[in-house]
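**Student:** Just one file: input08.cif, with mmCIF, C-alpha atoms.
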data_start
#
loop_
_atom_site.label_atom_id
_atom_site.label_comp_id
_atom_site.auth_asym_id
_atom_site.auth_seq_id
_atom_site.Cartn_x
_atom_site.Cartn_y
_atom_site.Cartn_z
CA MET O 6 -29.71 20.97 13.12
CA ASN O 7 -26.34 20.43 14.81
CA LYS O 8 -27.12 16.76 15.16
CA LYS O 9 -27.82 16.53 11.43
CA LYS O 10 -24.51 18.21 10.60
CA LYS O 11 -22.74 15.86 12.96
CA GLU O 12 -24.28 12.81 11.27
CA ILE O 13 -23.23 14.10 7.85
CA SER O 14 -19.67 14.74 9.01
CA ILE O 15 -19.37 11.18 10.28
CA HIS O 16 -19.68 9.81 6.75
CA LYS O 17 -17.39 12.43 5.26
CA GLN O 18 -13.79 11.28 4.76
CA LYS O 19 -11.06 13.87 4.42
CA PHE O 20 -8.26 13.36 1.93
CA SER O 21 -5.13 11.91 3.52
CA PHE O 22 -2.27 9.55 2.71
CA LYS O 23 -3.81 7.08 5.12
CA LEU O 24 -7.01 7.09 3.06
CA MET O 25 -4.96 6.66 -0.15
CA TYR O 26 -3.15 3.67 1.37
CA LYS O 27 -6.45 2.19 2.46
CA GLN O 28 -7.78 2.48 -1.10
CA ARG O 29 -4.47 1.57 -2.76
CA TYR O 30 -5.93 -1.35 -4.71
CA LEU O 31 -8.65 0.85 -6.20
CA LEU O 32 -6.03 3.45 -7.14
CA VAL O 33 -3.84 0.81 -8.82
CA MET O 34 -6.84 -0.48 -10.77
CA SER O 35 -7.57 3.04 -12.00
CA VAL O 36 -4.02 3.69 -13.30
CA PRO O 37 -4.56 2.11 -16.79
CA PHE O 38 -7.71 4.17 -17.30
CA VAL O 39 -5.96 7.38 -16.21
CA ILE O 40 -3.13 6.66 -18.66
CA TRP O 41 -5.66 6.01 -21.44
CA LEU O 42 -7.43 9.27 -20.57
CA ILE O 43 -4.20 11.27 -20.72
CA ILE O 44 -3.02 9.73 -24.00
CA PHE O 45 -6.28 9.90 -25.93
CA LYS O 46 -8.10 12.84 -24.31
CA TYR O 47 -5.58 15.35 -22.97
CA ILE O 48 -2.50 15.05 -25.19
CA PRO O 49 -4.62 15.62 -28.36
CA LEU O 50 -5.69 18.98 -26.89
CA TRP O 51 -2.34 20.22 -28.20
CA GLY O 52 -4.04 20.21 -31.60
CA TRP O 53 -6.24 23.10 -30.46
CA THR O 54 -3.35 25.38 -31.40
CA MET O 55 -4.51 24.97 -35.01
CA ALA O 56 -7.54 27.12 -34.13
CA PHE O 57 -5.16 30.07 -33.89
CA GLN O 58 -3.18 29.26 -37.04
CA ASP O 59 -3.69 29.24 -40.79
CA VAL O 60 -3.54 25.47 -41.33
CA LYS O 61 -3.90 24.11 -44.86
CA PRO O 62 -2.76 20.76 -46.33
CA LYS O 63 0.44 22.38 -47.65
CA THR O 64 1.41 23.48 -44.11
CA PHE O 65 1.17 20.03 -42.53
CA ALA O 66 4.88 19.40 -43.07
CA LEU O 67 5.78 22.54 -41.12
CA SER O 68 6.31 22.52 -37.39
CA ILE O 69 3.79 24.23 -35.18
CA TRP O 70 6.04 27.26 -34.73
CA GLU O 71 6.58 27.72 -38.49
CA ARG O 72 2.89 28.04 -39.34
CA THR O 73 1.21 31.42 -39.67
CA TRP O 74 -0.50 32.55 -36.47
CA VAL O 75 -3.80 34.34 -37.07
CA GLY O 76 -4.92 34.83 -33.48
CA PHE O 77 -8.71 34.90 -33.08
CA ASP O 78 -9.44 35.50 -36.77
CA HIS O 79 -11.14 32.11 -37.17
CA PHE O 80 -13.38 32.77 -34.17
CA LYS O 81 -14.30 36.22 -35.52
CA ALA O 82 -15.19 34.71 -38.90
CA LEU O 83 -17.21 32.03 -37.12
CA LEU O 84 -19.25 34.53 -35.11
CA HIS O 85 -19.98 36.61 -38.25
CA ASP O 86 -21.24 33.66 -40.30
CA GLY O 87 -25.01 33.32 -40.46
CA GLU O 88 -24.79 29.63 -41.42
CA PHE O 89 -23.04 28.89 -38.13
CA PHE O 90 -25.90 30.37 -36.11
CA ASP O 91 -28.39 28.37 -38.17
CA ALA O 92 -26.39 25.23 -37.38
CA LEU O 93 -26.26 26.25 -33.70
CA ARG O 94 -30.03 26.75 -33.65
CA ASN O 95 -30.60 23.34 -35.19
CA THR O 96 -28.17 21.67 -32.79
CA LEU O 97 -29.81 23.18 -29.72
CA GLY O 98 -33.31 22.40 -31.01
CA ILE O 99 -32.56 18.76 -31.80
CA SER O 100 -30.59 18.26 -28.58
CA PHE O 101 -33.14 19.73 -26.17
CA ILE O 102 -36.08 17.96 -27.82
CA GLY O 103 -34.06 14.74 -27.68
CA ILE O 104 -33.20 15.25 -23.99
CA VAL O 105 -36.81 15.89 -22.94
CA LEU O 106 -38.44 13.15 -25.01
CA GLY O 107 -35.54 10.75 -24.49
CA PHE O 108 -35.66 10.92 -20.71
CA ILE O 109 -39.45 10.71 -20.56
CA THR O 110 -39.56 7.60 -22.77
CA SER O 111 -36.55 5.81 -21.27
CA VAL O 112 -37.61 6.43 -17.65
CA GLY O 113 -41.23 5.55 -18.45
CA PHE O 114 -40.20 2.38 -20.25
CA ALA O 115 -37.93 1.38 -17.36
CA LEU O 116 -40.74 1.99 -14.84
CA LEU O 117 -43.20 -0.14 -16.78
CA LEU O 118 -40.68 -2.88 -17.46
CA ASN O 119 -39.76 -2.97 -13.78
CA GLU O 120 -43.38 -3.76 -12.93
CA VAL O 121 -43.53 -6.81 -15.20
CA ARG O 122 -43.65 -9.94 -13.05
CA LEU O 123 -43.16 -12.54 -15.80
CA LYS O 124 -39.37 -12.80 -15.86
CA ARG O 125 -39.13 -14.50 -19.27
CA PHE O 126 -41.40 -11.90 -20.91
CA LYS O 127 -39.43 -9.13 -19.20
CA LYS O 128 -36.08 -10.45 -20.47
CA VAL O 129 -37.36 -10.94 -24.02
CA THR O 130 -38.91 -7.46 -24.10
CA GLN O 131 -35.75 -5.83 -22.77
CA THR O 132 -33.57 -7.69 -25.28
CA ILE O 133 -35.77 -6.70 -28.21
CA SER O 134 -35.92 -3.08 -27.02
CA TYR O 135 -32.17 -2.49 -26.95
CA LEU O 136 -31.28 -4.39 -30.13
CA PRO O 137 -31.74 -1.26 -32.35
CA HIS O 138 -28.90 0.37 -30.38
CA PHE O 139 -26.44 -1.97 -32.09
CA VAL O 140 -27.80 -1.29 -35.59
CA SER O 141 -25.89 1.31 -37.62
CA TRP O 142 -27.51 4.61 -38.54
CA VAL O 143 -27.21 3.69 -42.21
CA ILE O 144 -29.69 0.86 -41.73
CA ILE O 145 -31.87 2.85 -39.32
CA ALA O 146 -32.11 5.73 -41.83
CA SER O 147 -33.02 3.31 -44.64
CA ILE O 148 -35.80 1.80 -42.53
CA ALA O 149 -37.04 5.25 -41.52
CA LYS O 150 -37.23 6.43 -45.13
CA MET O 151 -39.10 3.28 -46.20
CA VAL O 152 -41.63 3.81 -43.40
CA LEU O 153 -41.88 7.62 -43.19
CA GLY O 154 -41.03 8.66 -46.75
CA ASP O 155 -43.55 10.50 -48.92
CA SER O 156 -44.35 7.19 -50.64
CA GLY O 157 -43.46 5.08 -47.61
CA VAL O 158 -45.46 2.40 -45.84
CA LEU O 159 -47.08 4.74 -43.31
CA ASN O 160 -48.26 7.22 -45.95
CA GLU O 161 -49.68 4.37 -48.02
CA VAL O 162 -51.72 3.23 -45.01
CA LEU O 163 -52.86 6.80 -44.30
CA GLY O 164 -53.88 7.20 -47.94
CA LYS O 165 -56.06 4.10 -47.80
CA ILE O 166 -57.99 5.42 -44.80
CA GLY O 167 -58.55 8.83 -46.42
CA VAL O 168 -55.83 10.81 -44.63
CA GLY O 169 -53.59 12.70 -47.02
CA PRO O 170 -49.87 11.90 -47.18
CA ILE O 171 -47.84 13.60 -44.46
CA LYS O 172 -44.40 14.94 -45.35
CA PHE O 173 -42.47 13.48 -42.42
CA MET O 174 -39.05 13.58 -44.08
CA THR O 175 -39.46 16.65 -46.31
CA THR O 176 -40.87 19.28 -43.94
CA ASN O 177 -38.41 22.18 -43.93
CA GLY O 178 -38.98 23.31 -40.35
CA PRO O 179 -38.66 22.36 -36.68
CA ALA O 180 -40.91 19.36 -37.38
CA PHE O 181 -37.84 17.71 -38.91
CA TRP O 182 -36.12 17.95 -35.50
CA LEU O 183 -39.03 16.07 -33.95
CA VAL O 184 -38.86 13.33 -36.61
CA VAL O 185 -35.12 12.88 -36.04
CA CYS O 186 -35.60 12.73 -32.26
CA ILE O 187 -38.43 10.19 -32.49
CA ILE O 188 -36.31 7.92 -34.69
CA ASN O 189 -33.40 8.29 -32.26
CA ILE O 190 -35.70 7.49 -29.32
CA TRP O 191 -36.86 4.31 -31.03
CA LYS O 192 -33.22 3.36 -31.49
CA GLU O 193 -31.94 4.20 -28.00
CA THR O 194 -34.81 3.92 -25.49
CA GLY O 195 -34.19 0.29 -24.62
CA TRP O 196 -30.48 0.86 -24.17
CA ASP O 197 -30.95 4.01 -22.06
CA ALA O 198 -33.46 2.22 -19.83
CA ILE O 199 -30.83 -0.28 -18.68
CA ILE O 200 -29.17 2.16 -16.29
CA TYR O 201 -32.53 3.09 -14.73
CA LEU O 202 -33.43 -0.56 -14.27
CA SER O 203 -30.07 -1.05 -12.57
CA ALA O 204 -30.78 1.89 -10.25
CA MET O 205 -34.18 0.43 -9.38
CA THR O 206 -32.59 -2.78 -8.10
CA GLY O 207 -30.94 -0.74 -5.34
CA ILE O 208 -34.26 0.47 -3.90
CA ASP O 209 -35.20 -1.13 -0.58
CA GLN O 210 -37.91 -3.70 -1.30
CA GLY O 211 -39.28 -3.19 2.21
CA LEU O 212 -40.62 0.19 1.09
CA TYR O 213 -42.76 -1.51 -1.55
CA GLU O 214 -44.06 -4.04 0.96
CA ALA O 215 -44.95 -1.30 3.47
CA ALA O 216 -46.71 0.75 0.78
CA LYS O 217 -48.59 -2.34 -0.40
CA VAL O 218 -49.80 -3.01 3.12
CA ASP O 219 -50.99 0.61 3.35
CA GLY O 220 -53.09 0.06 0.22
CA ALA O 221 -50.93 1.85 -2.35
CA GLY O 222 -51.44 0.60 -5.90
CA ARG O 223 -48.73 -0.01 -8.47
CA PHE O 224 -48.79 3.48 -9.94
CA ARG O 225 -48.66 5.13 -6.52
CA ARG O 226 -45.70 2.93 -5.58
CA MET O 227 -43.99 3.90 -8.83
CA TRP O 228 -44.64 7.59 -8.20
CA HIS O 229 -43.76 7.75 -4.51
CA ILE O 230 -41.04 5.09 -4.22
CA THR O 231 -39.47 4.15 -7.56
CA LEU O 232 -39.15 7.64 -9.06
CA PRO O 233 -37.69 9.23 -5.89
CA GLY O 234 -35.35 6.24 -5.61
CA ILE O 235 -33.83 6.80 -9.05
CA ARG O 236 -33.95 10.62 -8.91
CA PRO O 237 -30.18 11.01 -8.27
CA THR O 238 -29.45 8.86 -11.33
CA ILE O 239 -31.87 10.88 -13.47
CA ILE O 240 -30.38 14.21 -12.36
CA VAL O 241 -26.78 13.14 -13.03
CA LEU O 242 -27.66 11.84 -16.50
CA VAL O 243 -29.61 15.00 -17.33
CA ILE O 244 -26.61 17.13 -16.31
CA MET O 245 -24.31 15.07 -18.53
CA SER O 246 -26.78 15.29 -21.41
CA ILE O 247 -27.02 19.07 -21.13
CA GLY O 248 -23.23 19.25 -21.18
CA GLY O 249 -23.27 17.41 -24.51
CA VAL O 250 -26.04 19.33 -26.29
CA LEU O 251 -23.62 20.76 -28.87
CA GLY O 252 -22.17 17.32 -29.50
CA ALA O 253 -25.15 16.18 -31.56
CA GLY O 254 -23.55 14.00 -34.20
CA MET O 255 -23.93 14.77 -37.87
CA GLU O 256 -24.51 11.15 -38.90
CA ARG O 257 -28.26 11.20 -38.22
CA GLN O 258 -28.83 14.48 -40.05
CA MET O 259 -26.69 13.48 -43.03
CA LEU O 260 -28.55 10.20 -43.53
CA LEU O 261 -32.07 11.40 -42.73
CA GLY O 262 -31.78 14.85 -44.29
CA ASN O 263 -32.07 15.97 -47.90
CA GLY O 264 -31.82 19.16 -49.92
CA ILE O 265 -35.32 20.24 -48.91
CA VAL O 266 -34.67 20.17 -45.16
CA GLN O 267 -31.02 21.23 -45.28
CA ASP O 268 -31.75 24.51 -43.47
CA TYR O 269 -32.98 22.56 -40.42
CA ALA O 270 -30.74 19.50 -40.72
CA ASP O 271 -27.36 21.24 -40.52
CA VAL O 272 -25.73 20.94 -37.07
CA VAL O 273 -22.47 22.29 -35.62
CA SER O 274 -20.55 19.06 -36.21
CA TRP O 275 -21.63 18.94 -39.85
CA TYR O 276 -20.83 22.63 -40.25
CA ALA O 277 -17.30 22.04 -38.91
CA TYR O 278 -16.85 19.11 -41.29
CA ARG O 279 -18.01 21.06 -44.35
CA PHE O 280 -16.07 24.25 -43.70
CA GLY O 281 -13.07 22.62 -42.06
CA ILE O 282 -12.24 19.43 -43.92
CA GLY O 283 -14.43 20.14 -46.95
CA ASN O 284 -12.77 23.52 -47.63
CA ASN O 285 -9.29 22.38 -46.51
CA ASN O 286 -9.38 25.07 -43.81
CA TYR O 287 -8.41 22.95 -40.82
CA GLY O 288 -7.73 25.93 -38.59
CA PHE O 289 -11.31 27.14 -39.00
CA GLY O 290 -12.69 23.63 -38.39
CA THR O 291 -10.63 23.37 -35.21
CA ALA O 292 -11.92 26.75 -34.06
CA VAL O 293 -15.48 25.45 -34.40
CA GLY O 294 -14.55 22.42 -32.30
CA VAL O 295 -12.92 24.59 -29.61
CA PHE O 296 -15.99 26.85 -29.48
CA GLN O 297 -18.23 23.80 -29.26
CA SER O 298 -16.21 22.33 -26.35
CA ALA O 299 -16.11 25.65 -24.47
CA ILE O 300 -19.88 26.16 -24.66
CA SER O 301 -20.49 22.54 -23.65
CA LEU O 302 -18.25 22.99 -20.60
CA VAL O 303 -20.13 26.14 -19.57
CA LEU O 304 -23.50 24.40 -19.97
CA LEU O 305 -22.23 21.46 -17.91
CA PHE O 306 -21.21 23.67 -14.99
CA VAL O 307 -24.42 25.72 -15.18
CA ALA O 308 -26.59 22.58 -15.18
CA ASN O 309 -24.56 21.15 -12.30
CA LYS O 310 -24.97 24.39 -10.31
CA VAL O 311 -28.71 24.52 -10.92
CA ALA O 312 -29.08 20.86 -9.92
CA GLY O 313 -27.18 21.58 -6.71
CA LYS O 314 -29.58 24.41 -5.87
CA PHE O 315 -32.71 22.29 -6.15
CA SER O 316 -31.43 18.90 -4.97
CA ASP O 317 -28.51 17.11 -3.33
CA SER O 318 -27.64 15.26 -6.53
CA LYS O 319 -24.97 16.76 -8.77
CA LEU O 320 -21.71 15.76 -10.44
CA VAL O 321 -19.26 17.76 -8.29
#
Could you write out this structure as structure tokens?
**Tutor:**
Amino acid sequence: MNKKKKEISIHKQKFSFKLMYKQRYLLVMSVPFVIWLIIFKYIPLWGWTMAFQDVKPKTFALSIWERTWVGFDHFKALLHDGEFFDALRNTLGISFIGIVLGFITSVGFALLLNEVRLKRFKKVTQTISYLPHFVSWVIIASIAKMVLGDSGVLNEVLGKIGVGPIKFMTTNGPAFWLVVCIINIWKETGWDAIIYLSAMTGIDQGLYEAAKVDGAGRFRRMWHITLPGIRPTIIVLVIMSIGGVLGAGMERQMLLGNGIVQDYADVVSWYAYRFGIGNNNYGFGTAVGVFQSAISLVLLFVANKVAGKFSDSKLV
């Protein structure tokens, strides 16, 4: 046990000015990105003060100190609004379904693509798979409605074989979350698989050769070598995804939703847009954003802590 601790301490570098000087070129290279982060990510946090003020279009000309301070009134109104909790339920439902299905499909696709030995076929398949990532949601939603609509292509085919039309886009329930997530998976699986394919290139090829000599087939090599090899990457990405569960964008729901499924299409971002910008109550909209960021930060730390308990892979 002491030997193991000693080996770990050998690779651990303590912070010092000598270490900073040794990595001076890396630090200099990071300066532009740190400046960008401060300007576009931290300085705008000053706008969070609007969450504690009564901010309307007529008060924009006033300085921050001249506006009416309302304290936590916006947060109290938020927590007493039933529509907000409906939006929160929808956001969590869509996000967690998307995380589970998204990781299963992207990791599975990357594993299968990694086993393809024909390089040209592999490159063509990978290129085709991530092309939808660059297509706007306006086009994706139009394609989805043409295929999955009540009179869409898929329902026409199902009608010809005797299966009644299925209401994919007009089911007012959690099934709508699944439809949205499946469409998003089709759009993003190829793009998300790129990082896993990159992680697979760092696995020692000698492990595959040794397993092959021992008689392990492809699926056993995938299960016992490839998956454990990319486990740290999977864990880190899952932690980051959990931290962003409340950041589910409203674009998908706005374009794929309709009046019938509105109760299950509304998400926190859309709620903030409607009640903040739509009602000219920018203080309330900002309060929603602050609440959203705070919960996301808590979820991020909780997921990171849980990951640290069960494995050595975590963010910090």
**Student:** Residues within 6 Å of Ala146 of chain O, please, as a VMD selection string. Count only C-alpha atoms; anything in the same chain fewer than 4 positions from it doesn't count.
**Tutor:** chain O and resid 142 260 to 261
**Student:** Identify, on the basis of all atoms listed in the file, every residue whose closest approach to segment 287-298 of chain O does not exceed 8 Å; exclude the query and any residue fewer than 3 positions from it along the same chain; express the result as a PyMOL selection string.
**Tutor:** chain O and resi 53+55-61+79-80+83+251-252+273-274+277-278+280-282+301-302
**Student:** Between O:Arg279, O:Lys217, O:Lys23, O:Lys127, single out the one closest to Phe89 of chain O, counting only C-alpha atoms.
**Tutor:** O:Arg279
**Student:** Could you tell me which of O:Gln210, O:Leu183, O:Leu202, O:Lys19 comes closest to Gly98 of chain O if we count all atoms listed in the file?
**Tutor:**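 Answer, going by the shortest atom-to-atom distance: O:Leu183.
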**Student:** Excluding Gly262 of chain O and its own-chain neighbours fewer than 2 positions away, which residues fall within 12 Å of it when counting only C-alpha atoms? Please give them as a PDB file with C-alpha atoms, in the frame of the given file.
**Tutor:**
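Output saved as part.pdb:
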ATOM      1  CA  ALA O 146     -32.110   5.730 -41.830  1.00  0.00           C
ATOM      2  CA  SER O 147     -33.020   3.310 -44.640  1.00  0.00           C
ATOM      3  CA  ALA O 149     -37.040   5.250 -41.520  1.00  0.00           C
ATOM      4  CA  LYS O 150     -37.230   6.430 -45.130  1.00  0.00           C
ATOM      5  CA  GLY O 154     -41.030   8.660 -46.750  1.00  0.00           C
ATOM      6  CA  PHE O 173     -42.470  13.480 -42.420  1.00  0.00           C
ATOM      7  CA  MET O 174     -39.050  13.580 -44.080  1.00  0.00           C
ATOM      8  CA  THR O 175     -39.460  16.650 -46.310  1.00  0.00           C
ATOM      9  CA  THR O 176     -40.870  19.280 -43.940  1.00  0.00           C
ATOM     10  CA  ASN O 177     -38.410  22.180 -43.930  1.00  0.00           C
ATOM     11  CA  GLY O 178     -38.980  23.310 -40.350  1.00  0.00           C
ATOM     12  CA  PHE O 181     -37.840  17.710 -38.910  1.00  0.00           C
ATOM     13  CA  TRP O 182     -36.120  17.950 -35.500  1.00  0.00           C
ATOM     14  CA  VAL O 184     -38.860  13.330 -36.610  1.00  0.00           C
ATOM     15  CA  VAL O 185     -35.120  12.880 -36.040  1.00  0.00           C
ATOM     16  CA  MET O 255     -23.930  14.770 -37.870  1.00  0.00           C
ATOM     17  CA  GLU O 256     -24.510  11.150 -38.900  1.00  0.00           C
ATOM     18  CA  ARG O 257     -28.260  11.200 -38.220  1.00  0.00           C
ATOM     19  CA  GLN O 258     -28.830  14.480 -40.050  1.00  0.00           C
ATOM     20  CA  MET O 259     -26.690  13.480 -43.030  1.00  0.00           C
ATOM     21  CA  LEU O 260     -28.550  10.200 -43.530  1.00  0.00           C
ATOM     22  CA  GLY O 264     -31.820  19.160 -49.920  1.00  0.00           C
ATOM     23  CA  ILE O 265     -35.320  20.240 -48.910  1.00  0.00           C
ATOM     24  CA  VAL O 266     -34.670  20.170 -45.160  1.00  0.00           C
ATOM     25  CA  GLN O 267     -31.020  21.230 -45.280  1.00  0.00           C
ATOM     26  CA  ASP O 268     -31.750  24.510 -43.470  1.00  0.00           C
ATOM     27  CA  TYR O 269     -32.980  22.560 -40.420  1.00  0.00           C
ATOM     28  CA  ALA O 270     -30.740  19.500 -40.720  1.00  0.00           C
ATOM     29  CA  ASP O 271     -27.360  21.240 -40.520  1.00  0.00           C
ATOM     30  CA  VAL O 272     -25.730  20.940 -37.070  1.00  0.00           C
ATOM     31  CA  TRP O 275     -21.630  18.940 -39.850  1.00  0.00           C
TER      32      TRP O 275
END
**Student:** Taking only C-alpha atoms into account, name the residue in O:Gly283, O:Leu304, O:Trp70, O:Cys186 that is nearest to Ile102 of chain O.
**Tutor:**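 With only C-alpha atoms as the atom set, the closest residue is O:Cys186.
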